[in-house]
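Source file: protein12.cif. Holds: mmCIF, C-alpha atoms, pLDDT in the B column; chains and numbers go by the auth columns.
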```cif
data_work
loop_
_atom_site.group_PDB
_atom_site.id
_atom_site.type_symbol
_atom_site.label_atom_id
_atom_site.label_comp_id
_atom_site.label_asym_id
_atom_site.label_seq_id
_atom_site.Cartn_x
_atom_site.Cartn_y
_atom_site.Cartn_z
_atom_site.B_iso_or_equiv
_atom_site.auth_seq_id
_atom_site.auth_asym_id
ATOM 1 C CA MET A 1 107.080 131.492 154.001 51.00 40 N
ATOM 2 C CA ASP A 2 109.917 131.600 151.480 73.00 41 N
ATOM 3 C CA PHE A 3 109.785 127.948 150.464 81.00 42 N
ATOM 4 C CA LEU A 4 106.142 128.371 149.409 80.00 43 N
ATOM 5 C CA GLY A 5 106.568 131.740 147.700 75.00 44 N
ATOM 6 C CA HIS A 6 107.458 130.922 144.102 77.00 45 N
ATOM 7 C CA ALA A 7 105.907 133.963 142.471 73.00 46 N
ATOM 8 C CA THR A 8 108.229 133.771 139.455 75.00 47 N
ATOM 9 C CA ALA A 9 107.228 130.221 138.494 80.00 48 N
ATOM 10 C CA GLY A 10 105.686 129.993 135.043 81.00 49 N
ATOM 11 C CA THR A 11 103.072 127.393 135.994 88.00 50 N
ATOM 12 C CA ILE A 12 101.543 125.894 139.124 90.00 51 N
ATOM 13 C CA GLU A 13 103.330 122.627 138.333 91.00 52 N
ATOM 14 C CA GLU A 14 106.704 124.398 138.288 91.00 53 N
ATOM 15 C CA ALA A 15 105.940 126.142 141.584 89.00 54 N
ATOM 16 C CA LEU A 16 104.978 122.874 143.282 92.00 55 N
ATOM 17 C CA ASP A 17 108.064 121.104 141.924 92.00 56 N
ATOM 18 C CA ARG A 18 110.154 123.823 143.566 89.00 57 N
ATOM 19 C CA VAL A 19 108.311 123.283 146.855 89.00 58 N
ATOM 20 C CA ARG A 20 108.939 119.530 146.728 91.00 59 N
ATOM 21 C CA ALA A 21 112.634 120.128 146.004 88.00 60 N
ATOM 22 C CA THR A 22 113.162 122.519 148.938 87.00 61 N
ATOM 23 C CA PRO A 23 116.096 121.429 151.134 88.00 62 N
ATOM 24 C CA ALA A 24 115.050 120.391 154.645 86.00 63 N
ATOM 25 C CA ALA A 25 117.337 122.997 156.223 86.00 64 N
ATOM 26 C CA GLN A 26 115.583 125.802 154.340 85.00 65 N
ATOM 27 C CA VAL A 27 112.161 124.523 155.360 85.00 66 N
ATOM 28 C CA ARG A 28 113.198 124.468 159.025 84.00 67 N
ATOM 29 C CA LYS A 29 114.668 127.958 158.816 83.00 68 N
ATOM 30 C CA ASN A 30 111.573 129.372 157.142 80.00 69 N
ATOM 31 C CA MET A 31 109.276 127.741 159.686 80.00 70 N
ATOM 32 C CA GLU A 32 111.301 129.149 162.580 78.00 71 N
ATOM 33 C CA THR A 33 111.095 132.615 161.052 75.00 72 N
ATOM 34 C CA TRP A 34 107.345 132.267 160.500 74.00 73 N
ATOM 35 C CA ALA A 35 106.769 131.152 164.096 71.00 74 N
ATOM 36 C CA ALA A 36 108.752 134.110 165.423 71.00 75 N
ATOM 37 C CA LEU A 37 106.825 136.718 163.415 64.00 76 N
ATOM 38 C CA ASP A 38 103.643 136.511 165.432 59.00 77 N
ATOM 39 C CA GLN A 39 103.885 134.658 168.717 61.00 78 N
ATOM 40 C CA ARG A 40 100.271 135.502 169.565 62.00 79 N
ATOM 41 C CA ARG A 41 99.096 132.777 167.184 66.00 80 N
ATOM 42 C CA PRO A 42 100.609 129.343 167.872 71.00 81 N
ATOM 43 C CA VAL A 43 102.044 127.458 164.926 72.00 82 N
ATOM 44 C CA PRO A 44 100.142 124.222 164.196 77.00 83 N
ATOM 45 C CA SER A 45 102.009 121.299 165.713 77.00 84 N
ATOM 46 C CA TRP A 46 102.206 119.351 162.448 79.00 85 N
ATOM 47 C CA THR A 47 104.304 122.111 160.849 76.00 86 N
ATOM 48 C CA GLN A 48 107.151 121.353 163.229 75.00 87 N
ATOM 49 C CA SER A 49 107.813 118.157 161.264 80.00 88 N
ATOM 50 C CA LEU A 50 107.926 119.781 157.823 81.00 89 N
ATOM 51 C CA GLY A 51 111.693 120.171 157.906 78.00 90 N
ATOM 52 C CA SER A 52 112.352 116.579 158.881 82.00 91 N
ATOM 53 C CA ASP A 53 109.553 114.579 157.254 84.00 92 N
ATOM 54 C CA GLU A 54 109.848 114.574 153.458 87.00 93 N
ATOM 55 C CA ARG A 55 106.541 112.728 153.131 89.00 94 N
ATOM 56 C CA LEU A 56 104.755 115.562 154.929 88.00 95 N
ATOM 57 C CA LEU A 57 106.257 118.130 152.555 88.00 96 N
ATOM 58 C CA MET A 58 105.038 116.079 149.580 92.00 97 N
ATOM 59 C CA GLU A 59 101.542 115.956 151.086 91.00 98 N
ATOM 60 C CA LEU A 60 101.581 119.724 151.573 89.00 99 N
ATOM 61 C CA ALA A 61 102.462 120.219 147.896 89.00 100 N
ATOM 62 C CA ASP A 62 99.729 117.775 146.829 93.00 101 N
ATOM 63 C CA THR A 63 97.199 119.646 148.960 91.00 102 N
ATOM 64 C CA ALA A 64 98.222 122.920 147.328 89.00 103 N
ATOM 65 C CA ALA A 65 97.751 121.319 143.898 93.00 104 N
ATOM 66 C CA HIS A 66 94.269 120.123 144.906 93.00 105 N
ATOM 67 C CA ALA A 67 93.327 123.570 146.185 90.00 106 N
ATOM 68 C CA HIS A 68 94.535 125.184 142.972 90.00 107 N
ATOM 69 C CA GLN A 69 92.533 122.760 140.832 91.00 108 N
ATOM 70 C CA HIS A 70 89.261 123.413 142.649 88.00 109 N
ATOM 71 C CA VAL A 71 89.605 126.998 143.892 83.00 110 N
ATOM 72 C CA ILE A 72 91.826 128.834 141.398 84.00 111 N
ATOM 73 C CA ALA A 73 91.746 127.050 138.040 86.00 112 N
ATOM 74 C CA PRO A 74 87.973 127.477 137.439 81.00 113 N
ATOM 75 C CA TYR A 75 88.466 131.244 137.582 77.00 114 N
ATOM 76 C CA GLN A 76 91.690 131.439 135.579 79.00 115 N
ATOM 77 C CA GLN A 77 90.072 133.374 132.725 72.00 116 N
ATOM 78 C CA HIS A 78 88.785 135.989 135.147 69.00 117 N
ATOM 79 C CA ILE A 79 92.225 136.255 136.737 76.00 118 N
ATOM 80 C CA ASP A 80 93.888 136.659 133.346 77.00 119 N
ATOM 81 C CA ALA A 81 91.399 139.399 132.420 69.00 120 N
ATOM 82 C CA LEU A 82 92.146 141.305 135.625 71.00 121 N
ATOM 83 C CA ASN A 83 95.886 140.975 135.097 77.00 122 N
ATOM 84 C CA GLY A 84 95.555 142.109 131.494 72.00 123 N
ATOM 85 C CA ALA A 85 93.667 145.228 132.527 70.00 124 N
ATOM 86 C CA ASP A 86 96.215 145.936 135.251 77.00 125 N
ATOM 87 C CA GLN A 87 99.107 145.543 132.804 77.00 126 N
ATOM 88 C CA ALA A 88 97.486 148.036 130.449 71.00 127 N
ATOM 89 C CA LEU A 89 97.046 150.493 133.305 72.00 128 N
ATOM 90 C CA ARG A 90 100.682 150.232 134.388 80.00 129 N
ATOM 91 C CA ALA A 91 101.820 150.792 130.807 78.00 130 N
ATOM 92 C CA ARG A 92 99.721 153.976 130.739 72.00 131 N
ATOM 93 C CA GLN A 93 101.246 155.180 133.968 77.00 132 N
ATOM 94 C CA VAL A 94 104.784 154.662 132.716 83.00 133 N
ATOM 95 C CA ALA A 95 104.073 156.248 129.324 78.00 134 N
ATOM 96 C CA HIS A 96 102.478 159.376 130.735 77.00 135 N
ATOM 97 C CA GLY A 97 104.002 159.781 134.189 82.00 136 N
ATOM 98 C CA GLY A 98 107.190 157.769 134.175 87.00 137 N
ATOM 99 C CA LEU A 99 108.531 155.701 137.048 89.00 138 N
ATOM 100 C CA GLN A 100 107.060 157.998 139.684 89.00 139 N
ATOM 101 C CA ALA A 101 103.495 157.542 138.419 86.00 140 N
ATOM 102 C CA LEU A 102 103.946 153.765 138.245 88.00 141 N
ATOM 103 C CA LEU A 103 105.404 153.257 141.708 91.00 142 N
ATOM 104 C CA SER A 104 103.141 155.807 143.365 89.00 143 N
ATOM 105 C CA GLY A 105 100.029 154.102 141.991 86.00 144 N
ATOM 106 C CA LEU A 106 100.792 150.482 142.878 88.00 145 N
ATOM 107 C CA ASN A 107 99.442 150.488 146.425 88.00 146 N
ATOM 108 C CA PRO A 108 99.593 154.037 147.798 88.00 147 N
ATOM 109 C CA ARG A 109 98.792 153.114 151.376 88.00 148 N
ATOM 110 C CA TYR A 110 101.547 150.535 151.770 91.00 149 N
ATOM 111 C CA ILE A 111 103.977 151.263 148.916 92.00 150 N
ATOM 112 C CA ARG A 112 105.336 154.823 148.805 93.00 151 N
ATOM 113 C CA TRP A 113 107.841 156.191 146.310 92.00 152 N
ATOM 114 C CA LYS A 114 110.141 158.786 147.864 91.00 153 N
ATOM 115 C CA PRO A 115 112.990 159.082 145.349 89.00 154 N
ATOM 116 C CA PRO A 116 115.320 157.318 145.401 90.00 155 N
ATOM 117 C CA VAL A 117 113.719 155.105 148.084 91.00 156 N
ATOM 118 C CA LEU A 118 110.690 152.833 147.771 93.00 157 N
ATOM 119 C CA GLU A 119 109.145 152.520 151.232 93.00 158 N
ATOM 120 C CA LEU A 120 107.077 149.441 152.087 93.00 159 N
ATOM 121 C CA THR A 121 104.789 148.729 155.017 90.00 160 N
ATOM 122 C CA MET A 122 104.962 144.987 155.620 86.00 161 N
ATOM 123 C CA ALA A 123 102.371 142.843 157.381 79.00 162 N
ATOM 124 C CA SER A 124 105.121 141.425 159.585 72.00 163 N
ATOM 125 C CA GLY A 125 106.156 144.863 160.805 75.00 164 N
ATOM 126 C CA ASN A 126 109.758 144.080 159.889 73.00 165 N
ATOM 127 C CA THR A 127 112.024 147.041 159.181 78.00 166 N
ATOM 128 C CA GLY A 128 115.353 147.381 157.428 82.00 167 N
ATOM 129 C CA ASP A 129 117.070 148.609 154.310 87.00 168 N
ATOM 130 C CA ILE A 130 117.397 146.613 151.107 88.00 169 N
ATOM 131 C CA HIS A 131 119.824 147.696 148.412 88.00 170 N
ATOM 132 C CA LEU A 132 119.052 146.428 144.927 88.00 171 N
ATOM 133 C CA ALA A 133 122.587 147.124 143.717 84.00 172 N
ATOM 134 C CA GLY A 134 121.495 147.312 140.093 86.00 173 N
ATOM 135 C CA ARG A 135 119.487 144.074 140.145 87.00 174 N
ATOM 136 C CA GLY A 136 116.171 145.738 139.284 89.00 175 N
ATOM 137 C CA LEU A 137 112.810 144.903 140.826 91.00 176 N
ATOM 138 C CA LEU A 138 110.139 142.604 139.371 91.00 177 N
ATOM 139 C CA LEU A 139 106.605 143.883 140.051 91.00 178 N
ATOM 140 C CA ILE A 140 103.979 141.127 140.351 89.00 179 N
ATOM 141 C CA PRO A 141 100.229 141.876 140.431 88.00 180 N
ATOM 142 C CA SER A 142 98.390 139.710 142.952 85.00 181 N
ATOM 143 C CA VAL A 143 94.675 138.892 142.722 80.00 182 N
ATOM 144 C CA PHE A 144 94.479 136.945 145.989 75.00 183 N
ATOM 145 C CA GLY A 145 97.287 138.576 147.927 67.00 184 N
ATOM 146 C CA ALA A 146 96.673 140.629 151.034 68.00 185 N
ATOM 147 C CA VAL A 147 96.711 144.407 150.836 80.00 186 N
ATOM 148 C CA TYR A 148 100.221 144.327 152.269 86.00 187 N
ATOM 149 C CA PRO A 149 103.051 143.828 149.772 90.00 188 N
ATOM 150 C CA ALA A 150 105.150 140.670 149.743 87.00 189 N
ATOM 151 C CA LEU A 151 108.846 140.952 148.967 87.00 190 N
ATOM 152 C CA ASP A 152 111.638 138.489 148.240 85.00 191 N
ATOM 153 C CA ASP A 153 114.941 140.339 148.033 85.00 192 N
ATOM 154 C CA THR A 154 116.910 137.094 147.619 81.00 193 N
ATOM 155 C CA ALA A 155 115.073 135.853 144.515 81.00 194 N
ATOM 156 C CA GLU A 156 117.073 135.203 141.362 79.00 195 N
ATOM 157 C CA PRO A 157 117.635 136.658 138.870 82.00 196 N
ATOM 158 C CA GLN A 158 116.085 139.681 140.588 87.00 197 N
ATOM 159 C CA PRO A 159 114.064 140.536 143.707 90.00 198 N
ATOM 160 C CA TRP A 160 110.273 140.699 143.348 90.00 199 N
ATOM 161 C CA LEU A 161 107.492 142.716 144.950 91.00 200 N
ATOM 162 C CA THR A 162 103.745 142.053 144.877 90.00 201 N
ATOM 163 C CA TYR A 163 100.927 144.573 144.802 90.00 202 N
ATOM 164 C CA PRO A 164 97.138 144.068 144.689 86.00 203 N
ATOM 165 C CA VAL A 165 95.842 143.963 141.131 82.00 204 N
ATOM 166 C CA GLY A 166 93.325 146.672 140.354 67.00 205 N
ATOM 167 C CA LEU A 167 92.563 149.858 138.488 46.00 206 N
ATOM 168 C CA ARG A 168 93.868 152.846 140.417 44.00 207 N
ATOM 169 C CA ASP A 169 94.947 156.396 139.710 39.00 208 N
ATOM 170 C CA THR A 170 93.866 156.141 136.102 36.00 209 N
ATOM 171 C CA ASP A 171 93.675 159.784 135.147 34.00 210 N
ATOM 172 C CA HIS A 172 96.067 159.460 132.207 33.00 211 N
ATOM 173 C CA PHE A 173 94.903 159.151 128.619 29.00 212 N
ATOM 174 C CA LEU A 174 95.569 156.452 126.088 30.00 213 N
ATOM 175 C CA SER A 175 97.228 157.462 122.859 32.00 214 N
ATOM 176 C CA PRO A 176 94.709 157.916 120.012 31.00 215 N
ATOM 177 C CA ILE A 177 94.387 155.065 117.529 33.00 216 N
ATOM 178 C CA ASP A 178 93.282 155.173 113.939 38.00 217 N
ATOM 179 C CA THR A 179 89.487 154.776 113.969 39.00 218 N
ATOM 180 C CA ALA A 180 89.466 153.529 110.395 39.00 219 N
ATOM 181 C CA ARG A 181 91.802 150.683 111.366 42.00 220 N
ATOM 182 C CA THR A 182 89.511 149.783 114.255 44.00 221 N
ATOM 183 C CA LEU A 183 86.481 149.692 112.019 43.00 222 N
ATOM 184 C CA SER A 184 88.205 147.507 109.437 47.00 223 N
ATOM 185 C CA THR A 185 89.412 145.048 112.103 55.00 224 N
ATOM 186 C CA VAL A 186 85.927 144.115 113.299 60.00 225 N
ATOM 187 C CA SER A 187 84.745 140.970 111.520 67.00 226 N
ATOM 188 C CA ASP A 188 81.513 140.898 109.494 72.00 227 N
ATOM 189 C CA SER A 189 80.123 138.032 111.600 74.00 228 N
ATOM 190 C CA LEU A 190 80.705 139.917 114.863 75.00 229 N
ATOM 191 C CA ALA A 191 79.095 143.026 113.358 74.00 230 N
ATOM 192 C CA ALA A 192 76.128 140.945 112.198 78.00 231 N
ATOM 193 C CA LEU A 193 75.708 139.510 115.698 82.00 232 N
ATOM 194 C CA LEU A 194 76.027 142.700 117.737 86.00 233 N
ATOM 195 C CA GLY A 195 75.506 145.442 115.218 87.00 234 N
ATOM 196 C CA HIS A 196 78.485 147.210 113.680 85.00 235 N
ATOM 197 C CA THR A 197 78.872 150.040 116.190 88.00 236 N
ATOM 198 C CA ARG A 198 78.464 147.802 119.233 90.00 237 N
ATOM 199 C CA ALA A 199 80.967 145.336 117.767 88.00 238 N
ATOM 200 C CA VAL A 200 83.440 148.201 117.332 89.00 239 N
ATOM 201 C CA VAL A 201 82.866 149.246 120.961 91.00 240 N
ATOM 202 C CA LEU A 202 83.507 145.706 122.235 91.00 241 N
ATOM 203 C CA TRP A 203 86.629 145.324 120.074 89.00 242 N
ATOM 204 C CA THR A 204 87.942 148.698 121.265 90.00 243 N
ATOM 205 C CA ILE A 205 87.435 147.851 124.940 90.00 244 N
ATOM 206 C CA ALA A 206 89.198 144.515 124.457 87.00 245 N
ATOM 207 C CA HIS A 207 92.214 146.145 122.835 84.00 246 N
ATOM 208 C CA ARG A 208 92.312 149.164 125.143 85.00 247 N
ATOM 209 C CA PRO A 209 91.460 147.714 128.586 85.00 248 N
ATOM 210 C CA GLY A 210 90.913 150.357 131.216 84.00 249 N
ATOM 211 C CA CYS A 211 89.821 153.011 128.725 87.00 250 N
ATOM 212 C CA THR A 212 87.449 155.734 129.867 89.00 251 N
ATOM 213 C CA THR A 213 84.129 156.418 128.172 92.00 252 N
ATOM 214 C CA THR A 214 85.619 159.507 126.525 91.00 253 N
ATOM 215 C CA GLU A 215 88.549 157.506 125.206 90.00 254 N
ATOM 216 C CA LEU A 216 86.230 154.735 124.072 91.00 255 N
ATOM 217 C CA ALA A 217 84.160 157.251 122.099 91.00 256 N
ATOM 218 C CA ARG A 218 87.246 158.736 120.460 88.00 257 N
ATOM 219 C CA HIS A 219 88.711 155.366 119.502 86.00 258 N
ATOM 220 C CA ALA A 220 85.397 154.034 118.174 86.00 259 N
ATOM 221 C CA GLY A 221 84.575 157.218 116.306 84.00 260 N
ATOM 222 C CA ILE A 222 81.251 157.826 118.075 88.00 261 N
ATOM 223 C CA SER A 223 79.854 160.327 120.580 90.00 262 N
ATOM 224 C CA PRO A 224 80.465 159.882 124.327 91.00 263 N
ATOM 225 C CA ALA A 225 76.713 159.431 124.861 93.00 264 N
ATOM 226 C CA SER A 226 76.615 156.636 122.276 93.00 265 N
ATOM 227 C CA ALA A 227 79.732 155.013 123.763 93.00 266 N
ATOM 228 C CA SER A 228 78.158 155.059 127.221 93.00 267 N
ATOM 229 C CA GLN A 229 74.937 153.508 125.897 94.00 268 N
ATOM 230 C CA HIS A 230 76.703 150.687 124.053 94.00 269 N
ATOM 231 C CA ALA A 231 79.010 150.035 127.013 94.00 270 N
ATOM 232 C CA THR A 232 75.971 149.707 129.271 93.00 271 N
ATOM 233 C CA VAL A 233 74.384 147.139 126.959 93.00 272 N
ATOM 234 C CA LEU A 234 77.614 145.148 126.745 93.00 273 N
ATOM 235 C CA ARG A 235 78.049 145.259 130.528 90.00 274 N
ATOM 236 C CA THR A 236 74.464 144.112 131.097 89.00 275 N
ATOM 237 C CA ALA A 237 75.100 141.210 128.715 89.00 276 N
ATOM 238 C CA GLY A 238 78.168 140.204 130.739 88.00 277 N
ATOM 239 C CA LEU A 239 80.643 140.963 127.940 89.00 278 N
ATOM 240 C CA THR A 240 82.374 143.900 129.651 90.00 279 N
ATOM 241 C CA ARG A 241 82.819 145.264 133.152 87.00 280 N
ATOM 242 C CA THR A 242 82.983 148.851 134.347 86.00 281 N
ATOM 243 C CA THR A 243 85.170 149.983 137.232 80.00 282 N
ATOM 244 C CA ARG A 244 84.570 153.359 138.844 76.00 283 N
ATOM 245 C CA HIS A 245 87.457 155.636 139.787 68.00 284 N
ATOM 246 C CA HIS A 246 86.047 158.820 141.307 67.00 285 N
ATOM 247 C CA ASN A 247 83.736 160.099 138.543 78.00 286 N
ATOM 248 C CA THR A 248 85.429 158.141 135.755 80.00 287 N
ATOM 249 C CA ALA A 249 84.166 154.872 134.262 85.00 288 N
ATOM 250 C CA LEU A 250 86.896 152.446 133.163 87.00 289 N
ATOM 251 C CA HIS A 251 85.932 149.655 130.776 90.00 290 N
ATOM 252 C CA THR A 252 87.447 146.174 130.366 88.00 291 N
ATOM 253 C CA THR A 253 86.196 142.983 128.744 89.00 292 N
ATOM 254 C CA THR A 254 85.114 139.928 130.732 86.00 293 N
ATOM 255 C CA PRO A 255 86.187 136.363 129.882 84.00 294 N
ATOM 256 C CA ALA A 256 82.860 135.996 128.037 84.00 295 N
ATOM 257 C CA GLY A 257 83.696 139.058 125.954 87.00 296 N
ATOM 258 C CA HIS A 258 87.166 137.733 125.154 84.00 297 N
ATOM 259 C CA SER A 259 85.697 134.356 124.227 82.00 298 N
ATOM 260 C CA LEU A 260 83.164 135.940 121.890 86.00 299 N
ATOM 261 C CA LEU A 261 85.847 137.949 120.118 84.00 300 N
ATOM 262 C CA ASN A 262 88.082 134.892 119.799 79.00 301 N
ATOM 263 C CA HIS A 263 85.414 132.585 118.402 76.00 302 N
ATOM 264 C CA VAL A 264 83.395 134.878 116.136 72.00 303 N
ATOM 265 C CA SER A 265 85.366 135.609 113.011 55.00 304 N
#
```
What is this structure when it is put down as structure tokens?
Amino acid sequence: MDFLGHATAGTIEEALDRVRATPAAQVRKNMETWAALDQRRPVPSWTQSLGSDERLLMELADTAAHAHQHVIAPYQQHIDALNGADQALRARQVAHGGLQALLSGLNPRYIRWKPPVLELTMASGNTGDIHLAGRGLLLIPSVFGAVYPALDDTAEPQPWLTYPVGLRDTDHFLSPIDTARTLSTVSDSLAALLGHTRAVVLWTIAHRPGCTTTELARHAGISPASASQHATVLRTAGLTRTTRHHNTALHTTTPAGHSLLNHVS
């Protein structure tokens, strides 16, 4: 429903303020559209009053705030870590494969790039052509969204499209970094806690989320076997996570790993 879909809001408070400020006519229009999308499932009777009862709209926003506080907020660090890893992946795709690699890897089953057209399979089954007319397209990773993309082609200042956050199609390589700089960046206290090499491995994973074991070894200046061993220890300790893509291991830090790096100096 459009009046609930404020994907560009900077905070949950801003998104809920927008919901509360939605004109009644827009709420009614959105509800009519929603009801028409799938007539097999009846719309709850109370929703019919949303466009005419301002108090009910306020209660809906308050309920959303309550749900966010108890369901989403406790896991915000995990969500941020996933989004950070996804952002790093998309940067890799653009750097090494351009726009085609980026768009083709977002959600291959439901988002297909056939230049110059981006084809979407929507949950609603709706069809039609949308012309961006130079407005650009904002890509938004979604942790809780369905596998189907969501699209708002009327959003300002530009339309937006969601895709499920995750590590996919990660066969590209990160650019090499200066190992000496990595070694010098790791603090003495972190090295004393974890051991110097393991501290370097954790720091490298944090600053190169989504790196493969081979890349991790190259950046840290150690052998692939040693990198794999240290990554396993860090994963077992809950400081990193490993995602498998075919036969490739992709490493990212967990919120606990980020917290350790931020607090040990």
Would you work out the distance separating atom CA of Thr243 of chain N from atom CA of Ala259 of chain N, expressed in Å to one decimal? 6.7 Å
Taking the file as I've supplied it (selection: the PyMOL selection byres ((chain N and resi 153-168) around 8)), which residues are included? Please answer as JSON, numbers by chain. {"N": [76, 77, 149, 150, 151, 152, 169, 170, 187, 188, 189]}
Can you report as AutoDock Vina command-line options the centre and edge lengths in Å, to one decimal, of an axis-aligned box around the listed atoms of segment 134-147 of chain N padded with 6 Å on each side?
```
--center_x 104.0 --center_y 155.1 --center_z 138.6 --size_x 21.1 --size_y 21.3 --size_z 30.5
```
Resolved residues for the PyMOL selection byres ((chain N and resi 61) around 12) as a list in words: Met40, Asp41, Phe42, Leu43, Gly44, His45, Ala54, Leu55, Asp56, Arg57, Val58, Arg59, Ala60, Pro62, Ala63, Ala64, Gln65, Val66, Arg67, Lys68, Asn69, Leu89, Gly90, Ser91, Glu93, Leu96, Met97 and Ala100 of chain N
Using only C-alpha atoms, please write the residues we just selected to a file, as a CSV table (one decimal), in the coordinates of the input.
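Final output, saved to selection_35.csv:
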```csv
chain,number,residue,atom,x,y,z
N,40,MET,CA,107.1,131.5,154.0
N,41,ASP,CA,109.9,131.6,151.5
N,42,PHE,CA,109.8,127.9,150.5
N,43,LEU,CA,106.1,128.4,149.4
N,44,GLY,CA,106.6,131.7,147.7
N,45,HIS,CA,107.5,130.9,144.1
N,54,ALA,CA,105.9,126.1,141.6
N,55,LEU,CA,105.0,122.9,143.3
N,56,ASP,CA,108.1,121.1,141.9
N,57,ARG,CA,110.2,123.8,143.6
N,58,VAL,CA,108.3,123.3,146.9
N,59,ARG,CA,108.9,119.5,146.7
N,60,ALA,CA,112.6,120.1,146.0
N,62,PRO,CA,116.1,121.4,151.1
N,63,ALA,CA,115.0,120.4,154.6
N,64,ALA,CA,117.3,123.0,156.2
N,65,GLN,CA,115.6,125.8,154.3
N,66,VAL,CA,112.2,124.5,155.4
N,67,ARG,CA,113.2,124.5,159.0
N,68,LYS,CA,114.7,128.0,158.8
N,69,ASN,CA,111.6,129.4,157.1
N,89,LEU,CA,107.9,119.8,157.8
N,90,GLY,CA,111.7,120.2,157.9
N,91,SER,CA,112.4,116.6,158.9
N,93,GLU,CA,109.8,114.6,153.5
N,96,LEU,CA,106.3,118.1,152.6
N,97,MET,CA,105.0,116.1,149.6
N,100,ALA,CA,102.5,120.2,147.9
```
Please check which residues have atoms at most 7 Å from (75.5, 145.4, 121.1) in the file's coordinates, counting only C-alpha atoms, and write them as a ChimeraX atom specification. /N:233-234,237-238,269,272-273
Starting from the shown file, work through the PyMOL selection byres ((chain N and resi 290) around 10) and note down what comes out as a PDB file with C-alpha atoms, in the coordinates of the input.
```pdb
ATOM      1  CA  ALA N 124      93.667 145.228 132.527  1.00 70.00           C
ATOM      2  CA  LEU N 241      83.507 145.706 122.235  1.00 91.00           C
ATOM      3  CA  THR N 243      87.942 148.698 121.265  1.00 90.00           C
ATOM      4  CA  ILE N 244      87.435 147.851 124.940  1.00 90.00           C
ATOM      5  CA  ALA N 245      89.198 144.515 124.457  1.00 87.00           C
ATOM      6  CA  ARG N 247      92.312 149.164 125.143  1.00 85.00           C
ATOM      7  CA  PRO N 248      91.460 147.714 128.586  1.00 85.00           C
ATOM      8  CA  GLY N 249      90.913 150.357 131.216  1.00 84.00           C
ATOM      9  CA  CYS N 250      89.821 153.011 128.725  1.00 87.00           C
ATOM     10  CA  THR N 251      87.449 155.734 129.867  1.00 89.00           C
ATOM     11  CA  THR N 252      84.129 156.418 128.172  1.00 92.00           C
ATOM     12  CA  GLU N 254      88.549 157.506 125.206  1.00 90.00           C
ATOM     13  CA  LEU N 255      86.230 154.735 124.072  1.00 91.00           C
ATOM     14  CA  ALA N 270      79.010 150.035 127.013  1.00 94.00           C
ATOM     15  CA  ARG N 274      78.049 145.259 130.528  1.00 90.00           C
ATOM     16  CA  THR N 279      82.374 143.900 129.651  1.00 90.00           C
ATOM     17  CA  ARG N 280      82.819 145.264 133.152  1.00 87.00           C
ATOM     18  CA  THR N 281      82.983 148.851 134.347  1.00 86.00           C
ATOM     19  CA  THR N 282      85.170 149.983 137.232  1.00 80.00           C
ATOM     20  CA  ARG N 283      84.570 153.359 138.844  1.00 76.00           C
ATOM     21  CA  THR N 287      85.429 158.141 135.755  1.00 80.00           C
ATOM     22  CA  ALA N 288      84.166 154.872 134.262  1.00 85.00           C
ATOM     23  CA  LEU N 289      86.896 152.446 133.163  1.00 87.00           C
ATOM     24  CA  THR N 291      87.447 146.174 130.366  1.00 88.00           C
ATOM     25  CA  THR N 292      86.196 142.983 128.744  1.00 89.00           C
ATOM     26  CA  THR N 293      85.114 139.928 130.732  1.00 86.00           C
TER      27      THR N 293
END
```
Measure the distance from atom CA of Pro81 of chain N to atom CA of Ala103 of chain N in Å and round it to one decimal.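 Distance between the two atoms: 21.7 Å.
The interatomic distance for the pair atom CA of Glu195 of chain N and atom CA of Phe183 of chain N works out to 23.1 Å.
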Tell me which of N:Pro198, N:Asp227, N:Leu300, N:His105 sits closest to Trp242 of chain N, counting only C-alpha atoms.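 Of N:Pro198, N:Asp227, N:Leu300, N:His105, the one nearest Trp242 of chain N is N:Leu300, counting only C-alpha atoms.
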List the residues sitting within 6 Å of (103.0, 145.0, 140.7) in the file's frame, using only C-alpha atoms, as a PDB file with C-alpha atoms, in the coordinates of the input.
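After the write, point-v2.pdb holds the following:
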```pdb
ATOM      1  CA  LEU N 178     106.605 143.883 140.051  1.00 91.00           C
ATOM      2  CA  ILE N 179     103.979 141.127 140.351  1.00 89.00           C
ATOM      3  CA  PRO N 180     100.229 141.876 140.431  1.00 88.00           C
ATOM      4  CA  THR N 201     103.745 142.053 144.877  1.00 90.00           C
ATOM      5  CA  TYR N 202     100.927 144.573 144.802  1.00 90.00           C
TER       6      TYR N 202
END
```
Can you work out which one of N:Asn286, N:His107, N:Leu95, N:Val240 has the shortest atom-to-atom distance to Ser267 of chain N, counting all atoms listed in the file?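 Ranked by minimum distance to Ser267 of chain N, first place goes to N:Val240.
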